[in-house]
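**Q** Next up, my_file_10.csv (CSV, C-alpha atoms and all ligand atoms).
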chain,number,residue,atom,x,y,z
A,1,MET,CA,-28.5,118.3,113.4
A,2,LYS,CA,-30.1,117.8,116.8
A,3,GLN,CA,-32.2,120.6,118.2
A,4,ALA,CA,-29.8,121.1,121.1
A,5,ASP,CA,-26.9,121.7,118.6
A,6,ARG,CA,-28.6,124.6,116.9
A,7,GLN,CA,-27.5,128.0,118.0
A,8,LYS,CA,-30.3,130.4,118.8
A,9,PRO,CA,-30.0,134.1,117.6
A,10,GLY,CA,-29.4,135.2,121.2
A,11,ASP,CA,-26.4,132.8,121.4
A,12,CYS,CA,-24.9,134.4,118.3
A,13,LEU,CA,-25.3,137.9,119.7
A,14,ARG,CA,-23.7,136.8,123.0
A,15,LEU,CA,-20.7,135.2,121.2
A,16,ALA,CA,-20.3,138.2,119.0
A,17,ASN,CA,-20.3,140.5,122.0
A,18,LEU,CA,-17.7,138.3,123.8
A,19,GLN,CA,-15.5,138.3,120.7
A,20,ARG,CA,-15.7,142.1,120.5
A,21,GLN,CA,-14.6,142.5,124.1
A,22,ILE,CA,-11.8,140.0,123.7
A,23,ARG,CA,-10.3,141.8,120.6
A,24,HIS,CA,-10.7,145.1,122.4
A,25,LEU,CA,-8.9,143.9,125.5
A,26,ALA,CA,-6.2,142.1,123.6
A,27,LYS,CA,-5.3,145.3,121.8
A,28,GLU,CA,-5.4,147.3,125.1
A,29,LYS,CA,-3.2,144.8,126.9
A,30,GLU,CA,-0.9,144.1,123.9
A,31,ALA,CA,-1.7,140.4,124.0
A,32,LEU,CA,-1.1,138.1,121.1
A,33,ILE,CA,-3.9,135.4,120.8
A,34,LEU,CA,-2.6,132.1,119.4
A,35,VAL,CA,-5.2,129.5,118.6
A,36,HIS,CA,-4.8,125.8,117.6
A,37,ASN,CA,-6.6,124.4,114.6
A,38,TYR,CA,-8.6,122.1,116.8
A,39,GLN,CA,-10.2,124.9,118.8
A,40,ARG,CA,-13.9,125.8,118.6
A,41,PRO,CA,-14.8,128.0,115.6
A,42,GLU,CA,-15.7,131.0,117.7
A,43,ILE,CA,-12.3,130.9,119.4
A,44,GLN,CA,-10.5,130.5,116.0
A,45,ASP,CA,-12.4,133.7,115.0
A,46,VAL,CA,-10.7,135.9,117.7
A,47,ALA,CA,-7.2,134.7,116.9
A,48,ASP,CA,-4.2,136.7,115.7
A,49,LEU,CA,-3.0,133.4,114.3
A,50,VAL,CA,-4.7,130.0,113.9
A,51,GLY,CA,-2.3,127.2,113.2
A,52,ASP,CA,-0.6,123.9,114.2
A,53,SER,CA,1.8,123.7,117.1
A,54,LEU,CA,4.8,124.3,114.9
A,55,ALA,CA,3.3,127.5,113.4
A,56,LEU,CA,2.2,128.7,116.8
A,57,ALA,CA,5.6,127.9,118.4
A,58,ARG,CA,7.3,129.9,115.6
A,59,ALA,CA,4.9,132.8,116.1
A,60,ALA,CA,5.5,132.7,119.9
A,61,ALA,CA,9.3,132.7,119.4
A,62,LYS,CA,9.1,135.8,117.2
A,63,ALA,CA,6.3,137.6,119.2
A,64,LYS,CA,6.9,141.2,120.4
A,65,ALA,CA,3.6,141.2,122.4
A,66,ARG,CA,3.6,141.9,126.1
A,67,MET,CA,1.8,138.6,126.7
A,68,ILE,CA,0.6,135.6,124.9
A,69,VAL,CA,-2.8,134.0,125.3
A,70,PHE,CA,-2.6,130.4,124.1
A,71,CYS,CA,-5.8,128.6,123.2
A,72,GLY,CA,-5.0,124.9,122.8
A,73,VAL,CA,-3.9,122.2,125.2
A,74,HIS,CA,-1.4,122.5,128.0
A,75,PHE,CA,1.8,121.2,126.3
A,76,MET,CA,1.3,123.8,123.6
A,77,ALA,CA,1.1,126.7,126.0
A,78,GLU,CA,4.1,125.3,127.9
A,79,THR,CA,6.1,125.2,124.6
A,80,ALA,CA,5.3,128.9,124.1
A,81,ALA,CA,6.4,129.6,127.7
A,82,ILE,CA,9.7,127.8,127.1
A,83,LEU,CA,10.3,130.0,124.0
A,84,VAL,CA,9.4,133.3,125.6
A,85,PRO,CA,10.8,133.1,129.2
A,86,GLY,CA,10.1,136.2,131.2
A,87,ARG,CA,6.9,137.1,129.4
A,88,PRO,CA,3.5,135.7,130.6
A,89,VAL,CA,1.9,132.9,128.6
A,90,ILE,CA,-1.7,132.6,129.6
A,91,ALA,CA,-3.7,129.4,129.1
A,92,PRO,CA,-7.4,130.2,129.6
A,93,GLU,CA,-8.3,126.6,130.4
A,94,PRO,CA,-5.9,125.0,132.9
A,95,GLU,CA,-7.7,121.6,132.6
A,96,ALA,CA,-6.9,121.3,128.9
A,97,ALA,CA,-4.5,118.3,129.1
A,98,CYS,CA,-3.5,115.9,126.3
A,99,SER,CA,-4.0,112.1,126.6
A,100,LEU,CA,-1.1,111.4,124.2
A,101,ALA,CA,1.4,113.7,126.1
A,102,ASP,CA,0.4,111.9,129.4
A,103,MET,CA,1.4,108.5,127.9
A,104,VAL,CA,5.1,109.2,128.2
A,105,ASP,CA,6.8,109.8,131.6
A,106,VAL,CA,10.3,110.9,132.4
A,107,GLU,CA,11.2,107.8,134.5
A,108,GLY,CA,10.1,105.4,131.6
A,109,LEU,CA,12.1,107.5,129.1
A,110,LEU,CA,15.2,107.5,131.3
A,111,THR,CA,15.0,103.7,131.6
A,112,LEU,CA,14.7,103.3,127.9
A,113,LYS,CA,17.6,105.7,127.3
A,114,ALA,CA,19.8,103.9,129.8
A,115,GLY,CA,19.6,100.8,127.7
A,116,LEU,CA,20.4,102.7,124.5
A,117,PRO,CA,22.9,105.4,125.6
A,118,ASP,CA,23.9,106.5,122.1
A,119,ALA,CA,20.4,106.8,120.7
A,120,VAL,CA,19.0,110.2,119.6
A,121,VAL,CA,15.6,110.9,121.4
A,122,VAL,CA,13.0,112.5,119.1
A,123,SER,CA,9.9,113.6,121.0
A,124,TYR,CA,6.7,114.8,119.4
A,125,VAL,CA,5.8,118.2,120.6
A,126,ASN,CA,2.8,116.6,122.3
A,127,THR,CA,4.9,115.9,125.5
A,128,THR,CA,5.5,117.7,128.8
A,129,ALA,CA,8.4,120.1,129.3
A,130,ALA,CA,10.0,117.5,131.5
A,131,VAL,CA,10.0,114.9,128.7
A,132,LYS,CA,11.2,117.5,126.2
A,133,ALA,CA,14.1,118.3,128.6
A,134,GLU,CA,15.2,114.6,128.3
A,135,SER,CA,14.9,114.7,124.4
A,136,ASP,CA,17.5,115.7,121.8
A,137,ILE,CA,15.1,117.2,119.4
A,138,CYS,CA,11.3,117.7,119.2
A,139,CYS,CA,9.2,117.4,116.1
A,140,THR,CA,5.6,118.1,115.0
A,141,SER,CA,3.5,116.1,112.6
A,142,GLY,CA,4.5,118.8,110.1
A,143,ASN,CA,8.2,118.1,110.2
A,144,ALA,CA,8.6,114.7,111.8
A,145,ALA,CA,10.0,113.0,108.7
A,146,GLU,CA,12.4,115.9,108.1
A,147,VAL,CA,13.6,115.7,111.7
A,148,LEU,CA,14.3,112.0,111.3
A,149,ALA,CA,16.1,112.6,108.0
A,150,SER,CA,18.3,115.2,109.8
A,151,ILE,CA,19.8,112.6,112.2
A,152,PRO,CA,23.1,111.0,111.2
A,153,GLN,CA,22.5,107.6,109.6
A,154,ASP,CA,24.7,105.7,112.1
A,155,LYS,CA,22.5,106.8,115.1
A,156,LYS,CA,19.7,104.8,116.6
A,157,ILE,CA,16.5,106.8,117.1
A,158,ILE,CA,14.0,106.6,120.0
A,159,PHE,CA,10.7,108.2,119.0
A,160,THR,CA,8.1,109.2,121.7
A,161,PRO,CA,5.2,109.2,122.3
A,162,ASP,CA,3.0,108.6,119.2
A,163,ARG,CA,3.5,105.1,117.6
A,164,ASN,CA,1.5,106.0,114.5
A,165,LEU,CA,3.4,109.2,113.7
A,166,ALA,CA,6.7,107.4,114.5
A,167,LEU,CA,6.0,104.6,112.0
A,168,TRP,CA,4.6,106.9,109.3
A,169,ALA,CA,7.5,109.4,109.6
A,170,ALA,CA,10.1,106.6,109.7
A,171,ARG,CA,8.7,105.2,106.5
A,172,ARG,CA,8.8,108.6,104.8
A,173,ALA,CA,12.4,109.3,106.0
A,174,GLY,CA,13.6,105.7,105.3
A,175,ARG,CA,14.8,105.3,108.9
A,176,GLU,CA,14.2,102.8,111.6
A,177,VAL,CA,12.9,104.0,114.9
A,178,ILE,CA,12.4,102.5,118.4
A,179,VAL,CA,8.8,103.3,119.0
A,180,TRP,CA,7.2,104.4,122.3
A,181,PRO,CA,3.7,102.8,122.4
A,182,GLY,CA,1.6,106.0,122.9
A,183,PHE,CA,-1.3,107.1,120.7
A,184,CYS,CA,-3.9,109.8,120.4
A,185,PRO,CA,-7.3,108.3,121.4
A,186,THR,CA,-9.2,110.8,119.2
A,187,HIS,CA,-7.2,109.9,116.1
A,188,GLU,CA,-7.1,106.1,116.8
A,189,ALA,CA,-10.9,106.2,117.1
A,190,ILE,CA,-11.0,106.9,113.3
A,191,THR,CA,-11.4,103.4,111.9
A,192,LEU,CA,-11.3,101.7,108.5
A,193,ASP,CA,-15.1,101.1,108.9
A,194,ASP,CA,-15.5,104.9,109.3
A,195,VAL,CA,-13.5,105.5,106.2
A,196,ARG,CA,-15.5,102.9,104.2
A,197,ALA,CA,-18.8,104.5,105.3
A,198,ALA,CA,-17.6,108.0,104.5
A,199,LYS,CA,-16.4,107.0,101.1
A,200,ALA,CA,-19.7,105.3,100.4
A,201,ALA,CA,-21.5,108.6,101.2
A,202,TYR,CA,-19.0,110.8,99.2
A,203,PRO,CA,-17.5,108.6,96.5
A,204,GLU,CA,-16.1,111.6,94.7
A,205,ALA,CA,-14.1,112.9,97.7
A,206,LYS,CA,-10.4,112.6,98.3
A,207,LEU,CA,-9.3,111.2,101.7
A,208,VAL,CA,-6.9,113.3,103.7
A,209,VAL,CA,-5.8,112.0,107.1
A,210,HIS,CA,-3.5,112.9,109.9
A,211,PRO,CA,-0.4,110.8,110.7
A,212,GLU,CA,-1.7,110.2,114.3
A,213,CYS,CA,-4.3,107.9,112.6
A,214,SER,CA,-3.6,104.2,112.6
A,215,LEU,CA,-1.3,103.0,109.7
A,216,GLU,CA,-4.2,101.0,108.2
A,217,VAL,CA,-6.2,104.2,107.8
A,218,ALA,CA,-3.1,106.2,106.6
A,219,GLU,CA,-2.4,103.5,104.0
A,220,VAL,CA,-5.8,104.0,102.2
A,221,ALA,CA,-5.6,107.8,102.2
A,222,ASP,CA,-4.9,110.0,99.2
A,223,ALA,CA,-2.7,112.2,101.4
A,224,VAL,CA,-1.3,112.0,105.0
A,225,GLU,CA,-0.8,115.5,106.3
A,226,SER,CA,-0.3,117.5,109.5
A,227,THR,CA,-3.1,120.1,109.9
A,228,GLU,CA,-1.1,122.8,108.2
A,229,GLY,CA,-0.2,120.3,105.5
A,230,MET,CA,-3.9,119.6,105.0
A,231,VAL,CA,-4.6,123.3,104.3
A,232,ARG,CA,-1.6,123.4,101.8
A,233,PHE,CA,-2.7,120.1,100.1
A,234,CYS,CA,-6.3,121.0,99.7
A,235,ARG,CA,-5.5,124.5,98.4
A,236,THR,CA,-3.3,123.2,95.6
A,237,ASP,CA,-5.1,119.9,94.8
A,238,GLU,CA,-7.6,119.9,92.0
A,239,ALA,CA,-10.4,118.0,93.8
A,240,GLU,CA,-13.4,119.8,95.1
A,241,THR,CA,-14.5,117.5,97.9
A,242,TYR,CA,-12.5,116.0,100.8
A,243,LEU,CA,-13.0,113.6,103.6
A,244,ILE,CA,-10.9,114.8,106.5
A,245,GLY,CA,-9.5,112.3,109.1
A,246,THR,CA,-8.5,114.4,112.1
A,247,GLU,CA,-10.0,116.3,115.0
A,248,VAL,CA,-13.2,117.9,113.7
A,249,GLY,CA,-12.1,121.5,114.6
A,250,MET,CA,-9.9,121.4,111.5
A,251,LEU,CA,-12.9,121.4,109.2
A,252,TYR,CA,-13.8,125.0,110.2
A,253,ARG,CA,-10.3,126.3,109.3
A,254,LEU,CA,-10.4,124.4,105.9
A,255,GLN,CA,-13.9,125.6,105.0
A,256,LYS,CA,-13.1,129.2,106.0
A,257,GLU,CA,-9.8,129.3,104.0
A,258,LEU,CA,-11.1,127.3,101.0
A,259,PRO,CA,-14.8,128.3,100.7
A,260,HIS,CA,-15.1,127.1,97.1
A,261,LYS,CA,-14.4,123.5,98.2
A,262,ARG,CA,-16.4,121.0,100.4
A,263,PHE,CA,-15.0,119.3,103.5
A,264,TYR,CA,-16.6,116.4,105.5
A,265,ALA,CA,-15.3,114.7,108.6
A,266,VAL,CA,-14.5,111.0,108.2
A,267,THR,CA,-16.4,110.6,111.5
A,268,GLY,CA,-18.1,113.2,113.7
A,269,HIS,CA,-16.7,111.3,116.7
A,270,ALA,CA,-13.2,112.6,116.3
A,271,VAL,CA,-13.6,115.3,118.9
A,272,CYS,CA,-10.8,116.0,121.4
A,273,PRO,CA,-12.6,116.7,124.7
A,274,PHE,CA,-9.6,118.7,126.0
A,275,MET,CA,-9.5,121.0,122.9
A,276,LYS,CA,-13.1,121.9,123.4
A,277,LEU,CA,-12.8,123.0,127.0
A,278,THR,CA,-11.7,126.5,126.1
A,279,THR,CA,-14.6,128.9,125.7
A,280,LEU,CA,-14.9,132.6,124.8
A,281,ASP,CA,-16.0,133.3,128.4
A,282,LYS,CA,-12.8,131.7,129.7
A,283,VAL,CA,-10.6,133.6,127.2
A,284,LEU,CA,-12.2,136.9,128.2
A,285,GLU,CA,-11.7,136.1,131.9
A,286,ALA,CA,-8.1,135.1,131.4
A,287,LEU,CA,-7.4,138.4,129.5
A,288,LYS,CA,-9.0,140.4,132.3
A,289,GLU,CA,-7.2,138.6,135.1
A,290,GLU,CA,-3.9,137.9,133.1
A,291,SER,CA,-4.2,134.4,134.5
A,292,PRO,CA,-3.7,131.5,134.7
A,293,VAL,CA,0.0,131.9,133.7
A,294,VAL,CA,1.8,128.8,132.5
A,295,SER,CA,5.0,128.2,134.4
A,296,VAL,CA,7.9,125.9,133.6
A,297,GLU,CA,10.7,125.3,136.1
A,298,PRO,CA,13.7,127.3,134.7
A,299,GLU,CA,16.2,124.4,134.7
A,300,ILE,CA,13.7,122.2,132.9
A,301,GLY,CA,12.7,125.0,130.6
A,302,ALA,CA,16.3,125.7,129.5
A,303,ARG,CA,17.0,122.0,128.7
A,304,ALA,CA,13.6,121.7,126.9
A,305,LEU,CA,14.4,124.9,124.9
A,306,ARG,CA,17.3,123.2,123.1
A,307,ALA,CA,15.0,120.4,121.8
A,308,VAL,CA,12.3,122.9,120.8
A,309,GLU,CA,14.7,125.3,119.0
A,310,ARG,CA,16.1,122.4,117.0
A,311,MET,CA,12.5,121.5,116.0
A,312,ILE,CA,11.8,125.1,114.9
A,313,GLU,CA,15.0,125.1,112.8
A,314,VAL,CA,14.2,122.0,110.8
A,315,GLY,CA,12.3,122.7,107.6
A,316,LYS,CA,12.5,126.5,108.0
A,401,LIG,O1,1.2,119.7,115.8
A,401,LIG,C1,0.0,119.9,116.1
A,401,LIG,O2,-0.4,121.0,116.2
A,401,LIG,C2,-0.9,118.8,116.2
A,401,LIG,C3,-1.2,118.3,117.5
A,401,LIG,C4,-1.4,118.3,115.1
A,401,LIG,C5,-1.2,119.0,113.8
A,401,LIG,O3,-1.0,118.3,112.8
A,401,LIG,O4,-1.4,120.2,113.7
Once you've parsed the file, please lay out its structure as structure tokens.
Ligand code: CIZ

**A**
Amino acid sequence: MKQADRQKPGDCLRLANLQRQIRHLAKEKEALILVHNYQRPEIQDVADLVGDSLALARAAAKAKARMIVFCGVHFMAETAAILVPGRPVIAPEPEAACSLADMVDVEGLLTLKAGLPDAVVVSYVNTTAAVKAESDICCTSGNAAEVLASIPQDKKIIFTPDRNLALWAARRAGREVIVWPGFCPTHEAITLDDVRAAKAAYPEAKLVVHPECSLEVAEVADAVESTEGMVRFCRTDEAETYLIGTEVGMLYRLQKELPHKRFYAVTGHAVCPFMKLTTLDKVLEALKEESPVVSVEPEIGARALRAVERMIEVGK
């Protein structure tokens, strides 16, 4: 560990103080704090719920809170806003984009659809509201194969935007898909060489990777799971040590929920720069100001809602 990475006692006190203020204000303002698995540990610790985008979307849909504070990246907060129109969804960090979501645009999708008018469009939840509005059903990495299996056999399927998830889910569901060539730079940066080096360092460990990793990495894994799937798999599996191939924020959740097991990142380079933009200072500020509120144009929101509601229904 580099000297600069070590937290000083003063930092811990400052973070603890911020966390106390955030929880106090969240209660006072009847705010529900939803936090994605890839967020910084100190943000995960102030959450009402830590989860993947499917769990968080389901929680947003059921929420009775006056407002939702969403700590993740923009498309996730937008999904929550689509599900709870009329109630503010606050995203503390407006710059938290998603490189994968930005790889599919409405014009390109409409052009592809025009050539395949009967195809069903399945879009990963990592897409903008505008792309969701042009999709028939959304999926997450947790239910992508089930979503594909739910589509009538005689239908062609367009899958956007993640090519790795598309091919992996298609294989699991026994379906063919027309693949949009997008990818998550953080997951594609996890290479076979990283896997070999990690296995050499921890030969007893099982390898658990995310389906956004390249297929060659997924093929050598003991399990290919969404982030929630990783928690379930490692909880019931008999091994004690795991190599985890996803964004490194996931290791905190795994270690916290399963303290009797050991988790190591396949590579410490798998860091999503956007997920790490949200800080406790920004969460506190956002709660105080009740801003920035995520807005979705109502006509787009209504069309995107159909695709998101179908996603939430599959695998319930
Ligand atoms: O669906 C999500 O939340 C993402 C982006 C990954 C995962 O598997 O949780």

**Q** All residues within 7 Å of ligand LIG 401 (chain A) are required, counting only C-alpha atoms and all ligand atoms; please report them as a PDB file with C-alpha atoms, in the frame of the given file.

**A**
ATOM      1  CA  HIS A  36      -4.800 125.800 117.600  1.00  0.00           C
ATOM      2  CA  ASN A  37      -6.600 124.400 114.600  1.00  0.00           C
ATOM      3  CA  ASP A  52      -0.600 123.900 114.200  1.00  0.00           C
ATOM      4  CA  SER A  53       1.800 123.700 117.100  1.00  0.00           C
ATOM      5  CA  LEU A  54       4.800 124.300 114.900  1.00  0.00           C
ATOM      6  CA  VAL A 125       5.800 118.200 120.600  1.00  0.00           C
ATOM      7  CA  ASN A 126       2.800 116.600 122.300  1.00  0.00           C
ATOM      8  CA  THR A 140       5.600 118.100 115.000  1.00  0.00           C
ATOM      9  CA  SER A 141       3.500 116.100 112.600  1.00  0.00           C
ATOM     10  CA  GLY A 142       4.500 118.800 110.100  1.00  0.00           C
ATOM     11  CA  HIS A 210      -3.500 112.900 109.900  1.00  0.00           C
ATOM     12  CA  SER A 226      -0.300 117.500 109.500  1.00  0.00           C
ATOM     13  CA  THR A 227      -3.100 120.100 109.900  1.00  0.00           C
ATOM     14  CA  GLU A 228      -1.100 122.800 108.200  1.00  0.00           C
TER      15      GLU A 228
END

**Q** Need to verify the contact set: A:Asn164, 7 Å, all atoms listed in the file, exclusion of same-chain residues closer than 6 positions in sequence. Can you return it as an NGL selection string?

**A** :A and (183 or 211-215)

**Q** Which residues, written as a PyMOL selection string, have at least one atom at most 8 Å from stretch 261-269 of chain A, with all atoms listed in the file counted and residues fewer than 2 positions away on the same chain left out?

**A** chain A and resi 186+189-190+194-195+198+240-246+248+251+254-255+258-259+271

**Q** May I have the residues within 8 Å of stretch 285-297 of chain A as a PyMOL selection string, using all atoms listed in the file and disregarding those fewer than 6 positions away in the same chain?

**A** chain A and resi 22+25-26+69+77-78+81-82+88-94+129

**Q** Nearest residue to A:Ala133 out of A:Asp11, A:Glu257, A:Asp105, A:Glu95, using all atoms listed in the file?

**A** A:Asp105

**Q** Write out as an MDAnalysis selection string which residues come within 12 Å of A:Met103 when counting all atoms listed in the file, dropping same-chain ones fewer than 4 positions away.

**A** chainID A and resid 97:99 107:109 124 126:128 131 160:163 180:185

**Q** Can you measure atom CA of A:Glu299 to atom CA of A:Val106 for me? One decimal in Å is fine.

**A**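 A separation of 14.9 Å between them.
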
**Q** Which of these residues is nearest to A:Pro273, using all atoms listed in the file: A:Arg40, A:Arg14, A:Arg310, A:His260?

**A** A:Arg40
